[in-house]
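Encoded as structure tokens, the structure appears first; notes follow it.
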Amino acid sequence: MIEISNEKLTVVIDPQGAELQSIIRKDTGLQYLWSGDPAFWGKKSPVLFPIVGGLKDNTYRYNGQTYTLGRHGFAREQLFMVTEQGAEHVSLRLSDNKNTRNVYPFHFNFTIQYLLQDDQLQVTYQVENKDEKVLLFSVGAHPAFKLPLVADTTYEDYYLYFNKEEETGSWPLSPGGQIETAPVPLLQHTHELPLKKSLFYQDALVFKDLASTAISIKSKSTPHGLTLAFEGFSYMGIWAAKDADFVCIEPWCGIADSVTATGELEEKEGINRLAPGKAFERTWTATMF
């Protein structure tokens, strides 16, 4: 495990999947990250690459060939190499290898940097195209935040606060995990979404057109919470395993296949295209209070 720390925060990262394992604020001792209890969901903050969500039948086609790739891609199962490390930051890299090329025929470097600044964790994803052809990819985050955050509060004491007024629906997922053809009403001229476990009984809430660039976890029962800022990410998922004590706020550059998807990677909704020799970079931040 890798630990980075400053005056305010201590963060632990596992090189396996480059996955966050712990976010503790020193002055309060509060743990902000979910425990990873396998009875509900054994992950804590998996990284989604080179796809986000699921493919129809877990397959896609590229250049006339069919490939099999599981939900959210393979990065979360791969061992990342540490390329740079200091007291308050660490960078980890995954490069293509024989196993990845069997399911994803591209040459790439995928680097994740974790950086602490005051009470904020900055997470930067950098994708480099090392190929001679256009790189087609998605990338996203899946951090699970512990709820209730503070003792003597309940899950229902918390709500999500969107930094801009929202008038939008969420896009339902089919039983196979694909995006349905129309949204259902959810946020109606509001900044707030009260949290309750039944919100996620039909899987994730998926948003394609949020006005907001930040979502906070707040409560009227405690001053403590967090704000996750995600400018530059086109899609958002909010999810929890059934009856589990966490909520995931998931900024995505990419999205699951729709129920009408053709299966062609070139035609996939939300796919990013990166020219040879070029790099793509996005940063999300979590500020703990």
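All residue names refer to the structure tokens as shown: chains lettered A, B, ... in order, residues numbered from 1 in each chain, ligands numbered from 1 in order.
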Near range 82-97 of chain A, 10 Å: range 8-41 of chain A residue rows, closest pairs, only C-alpha atoms, as a tab-separated table:
residue	atom	partner	partner_atom	distance
A:Leu9	CA	A:Glu88	CA	9.4
A:Thr10	CA	A:Glu88	CA	8.9
A:Val11	CA	A:Glu88	CA	9.1
A:Ile13	CA	A:Val90	CA	9.0
A:Pro15	CA	A:Leu92	CA	7.3
A:Gly17	CA	A:Leu94	CA	9.0
A:Ala18	CA	A:Leu92	CA	6.7
For this session: Go through range 38-72 of chain A and collect every residue that DSSP, computed from the backbone, puts in strand (DSSP E or B); the answer should be as JSON, numbers by chain.
Result: {"A": [47, 48, 49, 59, 60, 61, 62, 65, 66, 67, 68]}
Writer output for current selection, N, CA, C and O atoms, as a short mmCIF file (atom, residue, chain, number, x, y, z; two decimals), in the first residue's frame:
data_model
loop_
_atom_site.label_atom_id
_atom_site.label_comp_id
_atom_site.auth_asym_id
_atom_site.auth_seq_id
_atom_site.Cartn_x
_atom_site.Cartn_y
_atom_site.Cartn_z
N VAL A 47 -11.09 2.20 -10.75
CA VAL A 47 -10.87 3.08 -11.88
C VAL A 47 -11.44 2.40 -13.13
O VAL A 47 -11.20 1.21 -13.35
N LEU A 48 -12.19 3.16 -13.92
CA LEU A 48 -12.90 2.61 -15.06
C LEU A 48 -12.14 2.97 -16.34
O LEU A 48 -12.05 4.14 -16.71
N PHE A 49 -11.59 1.97 -17.00
CA PHE A 49 -10.82 2.16 -18.24
C PHE A 49 -10.58 0.79 -18.87
O PHE A 49 -10.29 -0.15 -18.14
N THR A 59 -19.37 -7.52 -25.33
CA THR A 59 -18.54 -7.57 -26.54
C THR A 59 -18.63 -6.25 -27.30
O THR A 59 -19.58 -5.48 -27.16
N TYR A 60 -17.61 -6.02 -28.12
CA TYR A 60 -17.62 -4.91 -29.07
C TYR A 60 -16.86 -5.35 -30.33
O TYR A 60 -16.10 -6.32 -30.32
N ARG A 61 -17.07 -4.60 -31.41
CA ARG A 61 -16.38 -4.88 -32.66
C ARG A 61 -15.49 -3.69 -33.03
O ARG A 61 -15.86 -2.53 -32.85
N TYR A 62 -14.31 -4.05 -33.55
CA TYR A 62 -13.36 -3.04 -34.00
C TYR A 62 -12.58 -3.62 -35.16
O TYR A 62 -12.02 -4.72 -35.04
N GLN A 65 -13.21 -7.23 -36.14
CA GLN A 65 -12.99 -8.29 -35.15
C GLN A 65 -13.87 -8.04 -33.92
O GLN A 65 -14.16 -6.90 -33.59
N THR A 66 -14.25 -9.13 -33.27
CA THR A 66 -15.06 -9.05 -32.06
C THR A 66 -14.19 -9.32 -30.84
O THR A 66 -13.40 -10.27 -30.82
N TYR A 67 -14.34 -8.47 -29.84
CA TYR A 67 -13.57 -8.59 -28.59
C TYR A 67 -14.53 -8.68 -27.41
O TYR A 67 -15.62 -8.12 -27.43
N THR A 68 -14.09 -9.39 -26.37
CA THR A 68 -14.86 -9.50 -25.13
C THR A 68 -14.21 -8.65 -24.06
O THR A 68 -12.99 -8.73 -23.84
#
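Around Leu135 in chain A, within 8 Å and counting only C-alpha atoms, the residues found are A:Phe106, A:Asn129, A:Asp131, A:Asn272, A:Arg273, A:Leu274, A:Ala275, A:Pro276, once anything fewer than 3 positions away on its own chain is removed.
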With only C-alpha atoms as the basis for distance, which of A:Gly64, A:Gly237, A:Gly270, A:Pro143 is at the shortest distance from Lys43 in chain A?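 Nearest to Lys43 in chain A: A:Pro143.
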Might you pull out every residue within 8 Å of Gln178 in chain A, with only C-alpha atoms counted and same-chain residues fewer than 2 positions away left off, and present them as a compact mmCIF listing (two decimals) with N, CA and C atoms, in the first residue's frame?
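What landed in around_0.txt:
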# COMPACT_ATOMS: atom_id res chain seq x y z
N GLY A 54 -21.18 -1.23 -18.89
CA GLY A 54 -21.16 -2.51 -19.57
C GLY A 54 -21.42 -2.39 -21.06
N LEU A 55 -20.87 -3.35 -21.82
CA LEU A 55 -21.14 -3.49 -23.24
C LEU A 55 -22.29 -4.47 -23.44
N LYS A 56 -23.01 -4.32 -24.51
CA LYS A 56 -24.02 -5.32 -24.84
C LYS A 56 -23.34 -6.67 -25.04
N LEU A 173 -31.27 1.87 -16.36
CA LEU A 173 -30.47 0.77 -16.89
C LEU A 173 -31.35 -0.45 -17.07
N SER A 174 -31.14 -1.15 -18.17
CA SER A 174 -31.86 -2.40 -18.42
C SER A 174 -31.33 -3.48 -17.48
N PRO A 175 -32.00 -4.63 -17.36
CA PRO A 175 -31.48 -5.72 -16.52
C PRO A 175 -30.07 -6.15 -16.92
N GLY A 176 -29.71 -5.94 -18.19
CA GLY A 176 -28.37 -6.29 -18.64
C GLY A 176 -27.35 -5.19 -18.45
N GLU A 180 -31.30 2.70 -21.16
CA GLU A 180 -32.58 2.68 -21.86
C GLU A 180 -32.70 3.90 -22.79
N ALA A 256 -22.08 3.53 -20.43
CA ALA A 256 -22.42 2.18 -20.84
C ALA A 256 -23.10 2.18 -22.20
N ASP A 257 -23.05 1.04 -22.88
CA ASP A 257 -23.81 0.88 -24.12
C ASP A 257 -25.29 1.14 -23.87
N SER A 258 -25.96 1.68 -24.88
CA SER A 258 -27.41 1.78 -24.83
C SER A 258 -28.01 0.46 -25.30
N VAL A 259 -29.30 0.30 -25.06
CA VAL A 259 -29.98 -0.92 -25.50
C VAL A 259 -30.02 -1.00 -27.02
Just list as a ChimeraX atom specification whatever in range 21-202 of chain A DSSP marks as alpha helix (DSSP H).
/A:98-103
Practice task
Write out as a list in words the residues lying within 9 Å of range 122-126 of chain A, counting only C-alpha atoms and excluding same-chain residues fewer than 3 positions away.
Solution key: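 The contact residues come out as Asn109, Phe110, Thr111, Ile112, Gln113, Tyr114, Leu115, Leu116, Gln117, Val139, Gly140, Ala279, Phe280, Glu281, Arg282, Thr283, Trp284, Thr285, Ala286 and Thr287 of chain A.
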Taking only C-alpha atoms into account, produce a table as a Markdown table in which each residue of range 72-180 of chain A with an atom at most 7 Å from an atom of range 217-230 of chain A appears once, together with its shortest atom pair and the distance in Å to one decimal, ordered by chain and rising number.
| residue | atom | partner | partner_atom | distance |
| --- | --- | --- | --- | --- |
| A:Thr153 | CA | A:Ser221 | CA | 6.9 |
| A:Asp157 | CA | A:Ser219 | CA | 5.7 |
| A:Tyr158 | CA | A:Ser219 | CA | 4.4 |
| A:Tyr159 | CA | A:Lys218 | CA | 5.5 |
| A:Leu160 | CA | A:Ile217 | CA | 4.9 |
| A:Tyr161 | CA | A:Ile217 | CA | 6.4 |
With a distance cut-off of 10 Å and only C-alpha atoms, select the neighbouring residues of Leu33 in chain A, excluding the residue or stretch itself and same-chain residues fewer than 2 positions from it, and output the selection as a ChimeraX atom specification.
/A:11,20-24,30-31,35-36,44-45,143-147,149,246-248
Among A:Leu265, A:Leu187, A:Ile271, A:Ile4, Leu69 in chain A is approached most closely, using only C-alpha atoms, by A:Leu265
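Among the candidate residues A:Gln188, A:Asn58, A:Ser234, A:Thr213, the one lying nearest to Phe162 in chain A is A:Thr213, with distances computed using only C-alpha atoms.
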* To do: Compile the contact shell of Lys164 in chain A as JSON, numbers by chain: residues with an atom at most 9 Å away, counting only C-alpha atoms, same-chain residues fewer than 6 positions apart removed.
  => {"A": [190, 191, 210, 211, 212, 213, 214]}
